[in-house]
Each structure stands twice: as structure tokens, then as C-alpha cells.
Amino acid sequence: MQALAERLDAAVGGAALTAVEPIGFSGLKTFTPPPESLVGRTLERTGRRGKYLILDFGGPRILVHLSQAGRLDIEEPPKKTRGKGSVVRLRFDNGIALLVREHGTERKAGWWVLDAGDDGPLAKLGPEPATDEFAELILHGDDRRRVHTLLRDQRTVAGVGRGHTDDALWRAQLSPYATLASLGADDRRRLLDSVRAELDEAIERERARTGGLSQAKLGDKFIVHGRYGTPCPRCGETLRRVSYESYEVTYCPNCQTGGKPLADRRMSRLVK
Ligand SMILES: [Zn+2]
């Protein structure tokens with residue numbers, strides 16, 4: 001998302017908004033101010049907070065959240081098509097448009113139009129991983145939740161998410177089920193360094209990419225996330241997973257859980 005924000009800034013930073021065209025499923029999460037009220041305003045800054053892209057029009061802001069299946073195309077020149085999955089097209093006076101759209105049928109990408117001073121969904125986000133506040137939480141916090149749960153919680157830390165959580169815990173050689181409160185000083189330091197290294201490398205990868213911008217496409221760049229059944233890149237042991245309704249945890253039983261596989265309810269049902 002950081003690299004995406006940088007590319008948007010290069011494409012439409014300093015340009016004025018000429019049209020907002022909601023298409024098909026709109027995904028607009030706010031009623032006021034109306035999107036058209038931003039037409040004529042200059043995009044002064046683009047940024048990121050957690051997984052939200054922020055387009056700052058000198059006070060009023062548009063937020064975009066792509067979720068798992070969303071993507072954002074920079075159209076130069078803008079297209080007229082209203083392709084399947086299109087959410088909204090923002091046109092700018094420099095002849096470039098941004099198209100937010102969705103892969104497949106999941107309707108999860110959303111956008112918000114916020115008045116100056118309104119933080120909308122950003123108000124609920126925890127600190128960024130690069131902040132001292134996050135370091136304090138990891139190094140000295142007594143949170144009793146599992147580290148996997150804690151890192152995925154956007155109210156605790158913004159923008160890590162499932163994939164990077166799996167990879168960061170693999171880097172730190174910690175069990176996804178370890179609780180933060182149970183970790184010693186060395187483990188905590190390694191966890192903090194691992195989360196930051198994971199996200200720094202992800203930004204570098206994304207900066208190097210060209211073409212359409214999406215979160216889903218980054219999936220094939222994870223080290224262990226989503227790669228259960230393949231060899232651990234560190235030790236060669238087969239990566240395992242624990243499956244939940246809407247996500248799964250991937251880990252190496254040799255590097256992270258002392259050789260012991262974690263209980264997987266779905267698997268054990270199948271075995272019985
Ligand atoms: Zn391993």
C-alpha cells in the first residue's frame with residue numbers, strides 16, 4: 001500500500017479532480033459529503049494508513065480500501081469501459097484516471113469520502129509497525145492474546161494482516177500460538193525486528209513491480225503464507241497450516257513449534 005501510494009502520487013499528485021464516476025457496485029461507505037463535492041479540488045497528497053489509501057484534497061479526503069480482491073488501475077488515457085467488477089473511476093485534469101475494481105465476485109473493496117477533520121475508519125486503527133508505540137507494545141506489553149491474533153488486529157497495529165503475520169512469525173521462529181505476555185526479551189526483540197523487516201521488504205518488492213496494482217497479486221510473494229505442503233525455505237521441513245473459516249495460518253513445525261504440529265480442527269475432523 002505504501003508503494004501504491006507513491007505511484008499514485010507520481011501519477012496524479014497535484015492534479016485536479018474532474019469527475020467521480022461510481023460504477024456498478026459502488027462500495028461507497030459514506031453518505032456525506034457527496035463525492036461530486038470534491039470535483040475541482042487538487043490532489044495535494046497521497047498516503048497510506050494501515051491498508052487504507054488516502055487521497056488528500058486539501059482537507060476533504062477520499063479513502064480506498066482494496067481488501068483481498070480489489071485492485072487499482074492507473075488509466076492513461078482513461079477508458080470509457082465499465083468493466084465487470086468496476087467500483088469507481090476518478091478522473092483528473094492531467095488526462096489520467098484511477099479505476100478501483102474487484103477481481104471475481106467478492107464485493108469488499110470500499111471507499112469513503114470524508115470531510116476535513118473526519119478520520120472515518122482511520123480513527124480505529126492502531127499504530128504503524130514503524131512507530132515507537134508499536135515497539136513499546138511488543139517489547140514491554142503484557143497483551144495475553146496469541147501473537148498471530150494480535151498482529152492481525154488492525155486496532156492493535158495497522159497494516160500487517162494475515163500474510164505478513166505468517167511470514168513475520170516464521171522469520172522470528174515463533175509459534176503463531178505463543179502469547180505475547182509469555183515471550184522473553186530476546187523473542188520480543190526478534191518479533192519486532194521480523195515484523196518490520198517483513199514489511200520493509202514487501203514495500204521494496206511492490207516498488208519494483210509494474211502494471212496493475214493489487215493486494216491479491218502480492219500473494220505469490222510471501223515466504224510461507226499460503227505455501228503449506230511445500231518445504232520450509234529455512235530447514236526443508238514441510239510447512240503446515242491451521243485452517244479457520246476465513247483464513248489459515250501457515251507455519252513450519254520444525255522452526256516455530258518445537259517439532260509439534262498445531263491442532264487443526266478441520267484436519268482432525270477429516271482424520272476421524
Ligand atoms: Zn523450518
# chains A, B, ... in the order shown; residues from 1 in each chain; ligands from 1

call {"tool": "residues_around", "arguments": {"residues": "Gly85 in chain A", "least_positions_apart": "6", "cutoff": "7 Å", "atoms": "only C-alpha atoms", "output": "list in words"}}
result
Arg101, Glu102 and His103 of chain A

call {"tool": "residues_near_ligand", "arguments": {"ligand": "ligand 1", "cutoff": "9 Å", "atoms": "only C-alpha atoms and all ligand atoms", "output": "ChimeraX atom specification"}}
result
/A:170,173,231-239,251-256

call {"tool": "closest_residue", "arguments": {"among": "A:Asp142, A:Glu21, A:Asp119, A:Asp166", "to": "Val100 in chain A", "atoms": "only C-alpha atoms"}}
result
A:Glu21

call {"tool": "residues_around", "arguments": {"residues": "Tyr52 in chain A", "least_positions_apart": "3", "cutoff": "7 Å", "atoms": "only C-alpha atoms", "output": "number ranges by chain"}}
result
A: 48-49, 63-65

call {"tool": "write_last_selection", "arguments": {"atoms": "N, CA and C atoms", "output": "compact mmCIF listing (two decimals), in the first residue's frame"}}
result
# COMPACT_ATOMS: atom_id res chain seq x y z
N ARG A 48 -0.86 6.57 3.01
CA ARG A 48 -1.37 5.27 3.42
C ARG A 48 -1.46 5.26 4.94
N ARG A 49 -2.47 4.60 5.44
CA ARG A 49 -2.57 4.35 6.87
C ARG A 49 -3.18 2.98 6.99
N LEU A 63 -10.77 7.91 0.91
CA LEU A 63 -10.05 6.71 1.33
C LEU A 63 -10.46 5.55 0.43
N VAL A 64 -9.52 4.68 0.13
CA VAL A 64 -9.82 3.47 -0.65
C VAL A 64 -9.25 2.28 0.10
N HIS A 65 -10.08 1.26 0.29
CA HIS A 65 -9.61 0.02 0.90
C HIS A 65 -9.84 -1.10 -0.12

call {"tool": "closest_residue", "arguments": {"among": "A:Gly83, A:Gly259, A:Pro78, A:Pro129", "to": "Ala19 in chain A", "atoms": "only C-alpha atoms"}}
result
A:Pro78
